[in-house]
Structures are given as structure tokens and as C-alpha cells.
$ cat coords-v7.cif   # mmCIF, C-alpha atoms
data_run
loop_
_atom_site.label_atom_id
_atom_site.label_comp_id
_atom_site.auth_asym_id
_atom_site.auth_seq_id
_atom_site.Cartn_x
_atom_site.Cartn_y
_atom_site.Cartn_z
CA MET A 1 -58.28 6.83 104.80
CA VAL A 2 -57.11 8.94 107.69
CA PHE A 3 -56.34 6.06 110.05
CA GLU A 4 -53.94 4.62 107.50
CA GLU A 5 -51.91 7.84 107.68
CA PHE A 6 -51.03 7.07 111.31
CA ALA A 7 -49.62 3.62 110.50
CA LEU A 8 -45.90 3.05 111.05
CA GLN A 9 -45.53 -0.46 109.64
CA GLY A 10 -42.13 -0.90 108.02
CA LYS A 11 -40.67 2.08 109.88
CA VAL A 12 -37.70 2.01 112.26
CA ALA A 13 -37.66 4.30 115.30
CA LEU A 14 -34.61 5.11 117.43
CA VAL A 15 -35.56 6.32 120.92
CA THR A 16 -33.05 7.48 123.51
CA GLY A 17 -34.04 6.80 127.10
CA GLY A 18 -37.04 4.81 125.93
CA GLY A 19 -37.10 2.14 128.62
CA SER A 20 -38.93 4.13 131.29
CA GLY A 21 -40.81 7.32 132.05
CA ILE A 22 -41.95 9.56 129.23
CA GLY A 23 -39.73 7.68 126.78
CA SER A 24 -41.59 4.46 127.48
CA GLY A 25 -44.90 6.11 126.61
CA ILE A 26 -43.53 7.43 123.33
CA LEU A 27 -41.79 4.18 122.48
CA SER A 28 -44.81 2.00 123.19
CA GLY A 29 -47.01 4.26 121.07
CA LEU A 30 -44.65 4.00 118.10
CA ALA A 31 -44.47 0.22 118.45
CA GLU A 32 -48.25 -0.08 118.74
CA ALA A 33 -48.52 1.89 115.49
CA GLY A 34 -46.24 -0.67 113.82
CA ALA A 35 -42.66 0.59 114.13
CA ASP A 36 -39.62 -1.53 114.92
CA ILE A 37 -37.60 -0.07 117.78
CA ALA A 38 -34.00 0.66 118.71
CA CYS A 39 -33.92 1.74 122.36
CA VAL A 40 -30.91 3.47 123.89
CA TYR A 41 -30.43 2.96 127.63
CA SER A 42 -27.61 3.80 130.01
CA THR A 43 -28.07 1.65 133.12
CA HIS A 44 -31.14 -0.56 133.45
CA GLU A 45 -31.75 -2.83 130.48
CA PRO A 46 -35.32 -2.28 129.18
CA THR A 47 -36.36 -5.94 129.42
CA GLU A 48 -40.03 -5.23 130.16
CA MET A 49 -40.31 -2.82 127.26
CA GLN A 50 -38.59 -5.31 124.96
CA ALA A 51 -41.03 -8.02 125.97
CA TYR A 52 -43.97 -5.71 125.33
CA VAL A 53 -42.77 -4.56 121.92
CA GLU A 54 -42.00 -8.11 120.81
CA SER A 55 -45.42 -9.24 122.02
CA LEU A 56 -46.82 -6.84 119.42
CA GLY A 57 -44.87 -8.65 116.71
CA ARG A 58 -42.36 -5.81 116.37
CA ARG A 59 -38.58 -6.02 116.60
CA PHE A 60 -36.67 -4.46 119.50
CA LEU A 61 -32.97 -3.62 119.70
CA PRO A 62 -31.57 -2.54 123.09
CA ILE A 63 -28.45 -0.36 122.78
CA LYS A 64 -26.44 0.36 125.91
CA ALA A 65 -24.81 3.76 125.45
CA ASP A 66 -24.25 7.12 127.10
CA VAL A 67 -25.44 10.06 125.00
CA GLY A 68 -23.28 12.15 127.29
CA ASN A 69 -20.29 10.59 125.53
CA MET A 70 -19.84 11.96 122.02
CA ASP A 71 -18.04 8.80 120.90
CA ASP A 72 -21.18 6.78 121.63
CA LEU A 73 -23.40 8.70 119.19
CA PRO A 74 -22.06 7.21 115.91
CA VAL A 75 -22.03 3.79 117.59
CA ILE A 76 -25.75 4.16 118.36
CA MET A 77 -26.46 4.96 114.72
CA ASP A 78 -24.21 2.19 113.41
CA LYS A 79 -25.87 -0.45 115.60
CA THR A 80 -29.33 0.68 114.54
CA LEU A 81 -28.44 0.51 110.84
CA GLU A 82 -26.62 -2.81 111.25
CA ALA A 83 -29.74 -4.36 112.77
CA TYR A 84 -32.42 -2.77 110.60
CA GLY A 85 -30.72 -1.33 107.54
CA ARG A 86 -32.60 1.97 107.77
CA LEU A 87 -33.90 4.69 110.08
CA ASP A 88 -37.16 6.63 109.77
CA ILE A 89 -37.81 8.21 113.17
CA LEU A 90 -35.49 9.64 115.83
CA VAL A 91 -36.78 10.54 119.29
CA ASN A 92 -34.30 12.54 121.40
CA ASN A 93 -35.83 11.75 124.77
CA ALA A 94 -32.85 11.20 127.09
CA GLY A 95 -32.29 14.04 129.53
CA ILE A 96 -31.26 14.89 133.08
CA CYS A 97 -32.27 17.57 135.57
CA PRO A 98 -30.08 17.76 138.68
CA ARG A 99 -31.24 20.68 140.79
CA ALA A 100 -29.14 23.35 142.47
CA SER A 101 -29.29 27.07 143.13
CA ALA A 102 -27.82 29.19 140.34
CA LEU A 103 -25.30 30.38 142.94
CA ASP A 104 -24.16 26.82 143.57
CA TYR A 105 -24.04 25.37 140.05
CA THR A 106 -20.66 23.86 139.24
CA GLU A 107 -19.02 23.78 135.83
CA GLU A 108 -19.17 19.98 135.89
CA MET A 109 -22.94 20.01 136.47
CA TRP A 110 -23.45 22.56 133.72
CA ASP A 111 -21.34 20.69 131.16
CA ARG A 112 -23.01 17.34 131.82
CA ILE A 113 -26.55 18.73 131.52
CA ILE A 114 -25.80 20.69 128.35
CA GLN A 115 -24.03 17.68 126.80
CA ILE A 116 -26.96 15.30 127.32
CA ASN A 117 -29.91 17.66 126.95
CA GLU A 118 -28.62 19.86 124.13
CA LYS A 119 -25.38 18.88 122.41
CA ALA A 120 -26.31 15.21 121.97
CA VAL A 121 -29.73 16.21 120.65
CA PHE A 122 -28.14 18.18 117.85
CA PHE A 123 -25.42 15.75 116.85
CA LEU A 124 -27.65 12.67 116.96
CA SER A 125 -30.19 14.61 114.88
CA GLN A 126 -27.42 15.45 112.42
CA LEU A 127 -26.51 11.77 112.09
CA ALA A 128 -30.16 10.87 111.58
CA ALA A 129 -30.69 13.59 108.97
CA LYS A 130 -27.67 12.42 106.99
CA GLN A 131 -29.12 8.91 107.00
CA PHE A 132 -32.56 10.15 105.94
CA ILE A 133 -30.97 12.01 103.03
CA LYS A 134 -28.84 8.99 102.08
CA GLN A 135 -31.95 6.81 102.02
CA GLY A 136 -33.83 9.39 99.99
CA THR A 137 -36.88 8.79 102.17
CA GLY A 138 -37.00 11.82 104.44
CA GLY A 139 -37.68 11.24 108.10
CA LYS A 140 -39.09 12.46 111.40
CA ILE A 141 -37.24 13.86 114.41
CA ILE A 142 -39.03 14.38 117.73
CA ASN A 143 -37.17 16.26 120.44
CA LEU A 144 -38.14 16.53 124.10
CA ALA A 145 -38.52 20.11 125.20
CA SER A 146 -40.15 21.03 128.51
CA MET A 147 -42.33 23.51 130.36
CA MET A 148 -38.94 25.10 131.05
CA SER A 149 -38.67 25.84 127.34
CA PHE A 150 -41.32 28.50 128.08
CA LEU A 151 -40.71 29.32 131.75
CA GLY A 152 -37.79 30.09 134.02
CA GLY A 153 -38.25 27.53 136.73
CA PHE A 154 -36.35 27.38 140.01
CA ASN A 155 -33.05 25.66 140.79
CA THR A 156 -32.91 24.44 137.19
CA THR A 157 -30.48 26.88 135.57
CA ALA A 158 -28.69 24.57 133.12
CA TYR A 159 -31.81 22.47 132.51
CA THR A 160 -33.86 25.56 131.65
CA ALA A 161 -31.09 26.83 129.37
CA SER A 162 -30.88 23.45 127.64
CA LYS A 163 -34.62 23.17 127.10
CA HIS A 164 -34.84 26.68 125.67
CA ALA A 165 -32.07 25.53 123.33
CA VAL A 166 -34.01 22.41 122.34
CA MET A 167 -36.92 24.55 121.19
CA GLY A 168 -34.55 26.76 119.23
CA LEU A 169 -32.80 23.77 117.68
CA THR A 170 -36.14 22.31 116.71
CA ARG A 171 -37.01 25.49 114.84
CA VAL A 172 -33.72 25.96 113.02
CA LEU A 173 -33.43 22.31 111.98
CA ALA A 174 -37.02 22.35 110.74
CA SER A 175 -36.14 25.46 108.73
CA GLU A 176 -33.02 23.93 107.20
CA TRP A 177 -34.24 20.38 106.65
CA GLY A 178 -37.90 20.85 105.74
CA SER A 179 -36.99 21.03 102.05
CA LYS A 180 -35.33 17.63 102.43
CA ASN A 181 -38.61 16.04 103.60
CA ILE A 182 -37.42 15.94 107.20
CA ASN A 183 -39.88 17.06 109.88
CA VAL A 184 -38.39 18.27 113.17
CA ASN A 185 -40.76 18.90 116.07
CA ALA A 186 -40.70 18.82 119.86
CA LEU A 187 -42.91 17.76 122.72
CA ALA A 188 -42.98 19.79 125.95
CA PRO A 189 -44.07 17.59 128.86
CA GLY A 190 -45.83 18.99 131.89
CA TRP A 191 -46.01 17.28 135.26
CA ILE A 192 -45.85 13.55 134.47
CA ARG A 193 -45.82 10.55 136.82
CA THR A 194 -42.33 9.08 136.49
CA ASN A 195 -39.66 7.77 138.84
CA LEU A 196 -37.97 11.17 138.69
CA SER A 197 -41.10 12.99 139.85
CA ALA A 198 -42.04 10.42 142.50
CA PRO A 199 -40.57 12.44 145.42
CA LEU A 200 -42.68 15.47 144.47
CA GLN A 201 -45.80 13.34 144.19
CA ALA A 202 -45.09 11.90 147.63
CA ASP A 203 -44.84 15.39 149.16
CA PRO A 204 -48.43 16.41 150.02
CA VAL A 205 -47.67 20.14 149.81
CA ARG A 206 -45.87 20.00 146.48
CA ASP A 207 -48.38 17.53 145.04
CA ALA A 208 -51.27 19.83 145.98
CA SER A 209 -49.55 22.89 144.47
CA VAL A 210 -48.89 21.05 141.22
CA ARG A 211 -52.46 19.82 140.93
CA ALA A 212 -53.81 23.30 141.65
CA ARG A 213 -51.85 24.72 138.71
CA ILE A 214 -53.04 22.09 136.20
CA PRO A 215 -56.46 22.90 134.65
CA MET A 216 -57.11 19.18 134.11
CA GLY A 217 -56.51 18.66 137.82
CA ASP A 218 -53.98 15.84 137.89
CA TRP A 219 -50.54 14.67 136.87
CA GLY A 220 -50.20 13.08 133.45
CA ASP A 221 -49.16 9.50 132.74
CA PRO A 222 -46.43 8.55 130.22
CA SER A 223 -49.14 6.95 128.09
CA VAL A 224 -50.52 10.42 127.20
CA PHE A 225 -47.57 10.79 124.81
CA LYS A 226 -48.54 7.84 122.62
CA GLY A 227 -50.98 9.63 120.33
CA VAL A 228 -49.05 12.85 119.80
CA ALA A 229 -45.81 10.93 119.19
CA VAL A 230 -47.48 8.79 116.54
CA LEU A 231 -48.94 11.91 114.94
CA LEU A 232 -45.52 13.55 114.65
CA ALA A 233 -43.83 10.33 113.51
CA SER A 234 -46.37 9.42 110.85
CA ASP A 235 -47.62 10.74 107.55
CA ALA A 236 -50.59 12.21 109.42
CA GLY A 237 -48.25 14.90 110.75
CA ARG A 238 -46.45 15.55 107.48
CA TYR A 239 -47.20 19.29 107.46
CA ILE A 240 -46.25 19.92 111.09
CA ASN A 241 -42.71 21.24 111.21
CA GLY A 242 -40.79 23.30 113.76
CA ALA A 243 -43.54 23.07 116.39
CA THR A 244 -43.13 22.59 120.13
CA ILE A 245 -46.31 20.99 121.44
CA PRO A 246 -47.07 21.22 125.18
CA VAL A 247 -48.45 18.01 126.69
CA ASP A 248 -49.19 19.50 130.08
CA GLY A 249 -52.89 19.33 130.89
CA GLY A 250 -53.06 23.09 130.35
CA TYR A 251 -50.34 24.00 132.86
CA LEU A 252 -48.92 26.76 130.66
CA THR A 253 -52.27 28.51 130.43
CA LYS A 254 -51.99 29.77 134.02
#

$ encode --input "coords-v7.cif" --output "C-alpha cells"
Amino acid sequence: MVFEEFALQGKVALVTGGGSGIGSGILSGLAEAGADIACVYSTHEPTEMQAYVESLGRRFLPIKADVGNMDDLPVIMDKTLEAYGRLDILVNNAGICPRASALDYTEEMWDRIIQINEKAVFFLSQLAAKQFIKQGTGGKIINLASMMSFLGGFNTTAYTASKHAVMGLTRVLASEWGSKNINVNALAPGWIRTNLSAPLQADPVRDASVRARIPMGDWGDPSVFKGVAVLLASDAGRYINGATIPVDGGYLTK
């Protein structure tokens, strides 16, 4: 039956930046579908998310790490495997977007953004793929692209470059690893209510301009990522590979 294809019981999902924002929507959806969770965080321990996941009867492993530090990536994988013994789903959600004019970007800003948004995505995916192959089970990788994977943006030079790269990485890894039963796809969020976007929502002029551009008329909530994340992480999405799916209320249509 089709609903059974969406079930994730017995699966282990590793989600970077899963304690808040868009990551929390993805993570909660995977847990609600039955997956056990390893959640990478950098500063604020995801205690509320842990309580929610455990209330569902699922296991939750918080991992404090910085995906901007290459030495932390194998540690993240080792801790996940030590706790659960396997990995089935990787969600590369962690990302940053400091804003500055292209004339004012510093090398330090550029390197930090590219490290977290692009380089870590590839090398954590590589670690996951090696584990999937070792297990002989295949696996699912979900990357976080952006509207800026399709557009230019403004004051987001390194972020836009990194999110174009995420879409390209998604395609090439899907091409290389599809024969190994590994699906690699990406989600491209639109304007979503998060702590990072709160200042824009609080600005009446910016809020009105955003709403006017969205055919569905309003900002999205992190919970809108639950269903599409479960689709890509489950057997229901087994023939979707190399896709970047906008979750933007139609923003890119205008």
C-alpha cells in the first residue's frame, strides 16, 4: 500500500542544524514517519526537539559539532554509528548567510560561507555514501539548496555561489551514486518563518514586498517541509534522483 512506502521505521537520519528553523521541520517530519534521529547543533542544545522526538517513541542523539571544521565531520559520523550502528538518511541542512555588498566581502566571510554551505555538504555526503555502500543498503541524501540556487539575489554573493554549487553537487552525486542505490536530492526553501528571517518579517515594507511576490500570499512555516522530506527520505521517492524541489509557495514563478 502506498502509505507504507512513506514509513521510516527502523531508519536512522542524521540532520545537521536540525534543532530549529527549517531543519526542525524536516527533522520532526522524519521522526513522525518513524526514523531515529542524530541531530548536529553548534550552539543551542536542541532540548525541545529531543523531547518531542522521544515523545514519539523515537531515539534522539544530540551531537555538538561545527560543520565549518573539517575535523568535526568524521566525528559526527562516528558518533552516529556508535549510537545506532547504521545510517540511512543524511540531511545537509546547516547553512549561514551573512550579508554584505559584493564590493565589501572579505576573504574570511567567503571562506566561512563556502566551508559550511558547500564544502561540508560534499564531504559529509561522501562519508554517508561510503557508509551506505558498506552497509549494502543504499541510502538517501537531502541537501538544502535555496531560491538563490536559481536567482542572483542581493548582498548574498558567497551564499548565492554556494547554493548554486549545492544544486550542482546534488546533480553530480545523483549521477555517480544512483547505480549504488543512493538517491541525492535537494530542497530549495522560499521565504520561511525562522529566527533568521524574523527581522524581515518585522519590517512592514519588506514583509509586504515578500508577500506580494509569493502567489500563495504568505510566508511558509518550517512544518511545510515535513511531507516533502519524508517523500525524499522514503521508498516512496525511490525514483526521484538529482532533483532540486522548490518549497516556496510559487515564488520562483514570478

$ residues_around --input "coords-v7.cif" --residues "segment 23-35 of chain A" --least-positions-apart "3" --cutoff "7 Å" --atoms "all atoms listed in the file" --output "VMD selection string"
chain A and resid 7 to 13 15 17 to 20 53 56 58 93 222 to 223 225 to 227 229 to 230

$ atom_distance --input "coords-v7.cif" --atom1 "atom CA of Tyr251 of chain A" --atom2 "atom CA of Ile214 of chain A"
4.7 Å

$ residues_around --input "coords-v7.cif" --residues "Pro62 of chain A" --least-positions-apart "6" --cutoff "9 Å" --atoms "all atoms listed in the file" --output "number ranges by chain"
A: 37-41, 45-47, 50

$ closest_residue --input "coords-v7.cif" --among "A:Leu73, A:Ile142, A:Leu231, A:Ala102" --to "Arg171 of chain A" --atoms "all atoms listed in the file"
A:Ile142

$ closest_residue --input "coords-v7.cif" --among "A:Gly242, A:Pro98, A:Gly190, A:Gly85" --to "Trp177 of chain A" --atoms "only C-alpha atoms"
A:Gly242

$ build_atoms --input "coords-v7.cif" --residues "segment 188-213 of chain A" --atoms "N, CA and C atoms" --output "CSV table (one decimal), in the coordinates of the input"
chain,number,residue,atom,x,y,z
A,188,ALA,N,-43.3,19.1,124.7
A,188,ALA,CA,-43.0,19.8,126.0
A,188,ALA,C,-43.8,19.2,127.1
A,189,PRO,N,-43.3,18.2,127.8
A,189,PRO,CA,-44.1,17.6,128.9
A,189,PRO,C,-44.3,18.5,130.0
A,190,GLY,N,-45.5,18.3,130.6
A,190,GLY,CA,-45.8,19.0,131.9
A,190,GLY,C,-45.4,18.1,133.0
A,191,TRP,N,-46.3,18.1,134.1
A,191,TRP,CA,-46.0,17.3,135.3
A,191,TRP,C,-46.5,15.9,135.0
A,192,ILE,N,-45.6,14.9,134.9
A,192,ILE,CA,-45.8,13.6,134.5
A,192,ILE,C,-45.4,12.6,135.6
A,193,ARG,N,-46.2,11.6,135.8
A,193,ARG,CA,-45.8,10.6,136.8
A,193,ARG,C,-44.7,9.7,136.3
A,194,THR,N,-43.5,9.9,136.8
A,194,THR,CA,-42.3,9.1,136.5
A,194,THR,C,-41.5,8.8,137.8
A,195,ASN,N,-40.5,8.0,137.7
A,195,ASN,CA,-39.7,7.8,138.8
A,195,ASN,C,-39.0,9.1,139.3
A,196,LEU,N,-38.6,9.9,138.3
A,196,LEU,CA,-38.0,11.2,138.7
A,196,LEU,C,-38.9,12.1,139.5
A,197,SER,N,-40.2,12.1,139.2
A,197,SER,CA,-41.1,13.0,139.8
A,197,SER,C,-41.7,12.4,141.1
A,198,ALA,N,-41.4,11.1,141.4
A,198,ALA,CA,-42.0,10.4,142.5
A,198,ALA,C,-41.9,11.2,143.8
A,199,PRO,N,-40.7,11.7,144.1
A,199,PRO,CA,-40.6,12.4,145.4
A,199,PRO,C,-41.5,13.6,145.5
A,200,LEU,N,-41.8,14.3,144.4
A,200,LEU,CA,-42.7,15.5,144.5
A,200,LEU,C,-44.1,15.0,144.7
A,201,GLN,N,-44.5,13.9,144.0
A,201,GLN,CA,-45.8,13.3,144.2
A,201,GLN,C,-46.0,12.9,145.6
A,202,ALA,N,-45.0,12.4,146.3
A,202,ALA,CA,-45.1,11.9,147.6
A,202,ALA,C,-45.1,13.0,148.7
A,203,ASP,N,-44.8,14.2,148.3
A,203,ASP,CA,-44.8,15.4,149.2
A,203,ASP,C,-46.2,16.0,149.1
A,204,PRO,N,-47.1,15.9,150.1
A,204,PRO,CA,-48.4,16.4,150.0
A,204,PRO,C,-48.5,17.9,149.6
A,205,VAL,N,-47.6,18.7,150.1
A,205,VAL,CA,-47.7,20.1,149.8
A,205,VAL,C,-47.3,20.4,148.3
A,206,ARG,N,-46.3,19.8,147.9
A,206,ARG,CA,-45.9,20.0,146.5
A,206,ARG,C,-46.9,19.4,145.5
A,207,ASP,N,-47.4,18.2,145.9
A,207,ASP,CA,-48.4,17.5,145.0
A,207,ASP,C,-49.6,18.4,144.9
A,208,ALA,N,-50.1,19.0,146.0
A,208,ALA,CA,-51.3,19.8,146.0
A,208,ALA,C,-51.0,21.1,145.1
A,209,SER,N,-49.8,21.7,145.2
A,209,SER,CA,-49.6,22.9,144.5
A,209,SER,C,-49.5,22.6,143.0
A,210,VAL,N,-48.9,21.4,142.6
A,210,VAL,CA,-48.9,21.0,141.2
A,210,VAL,C,-50.3,20.8,140.7
A,211,ARG,N,-51.1,20.1,141.4
A,211,ARG,CA,-52.5,19.8,140.9
A,211,ARG,C,-53.3,21.1,140.8
A,212,ALA,N,-53.1,22.0,141.7
A,212,ALA,CA,-53.8,23.3,141.6
A,212,ALA,C,-53.5,24.1,140.4
A,213,ARG,N,-52.3,23.9,139.9
A,213,ARG,CA,-51.8,24.7,138.7
A,213,ARG,C,-52.3,24.1,137.4
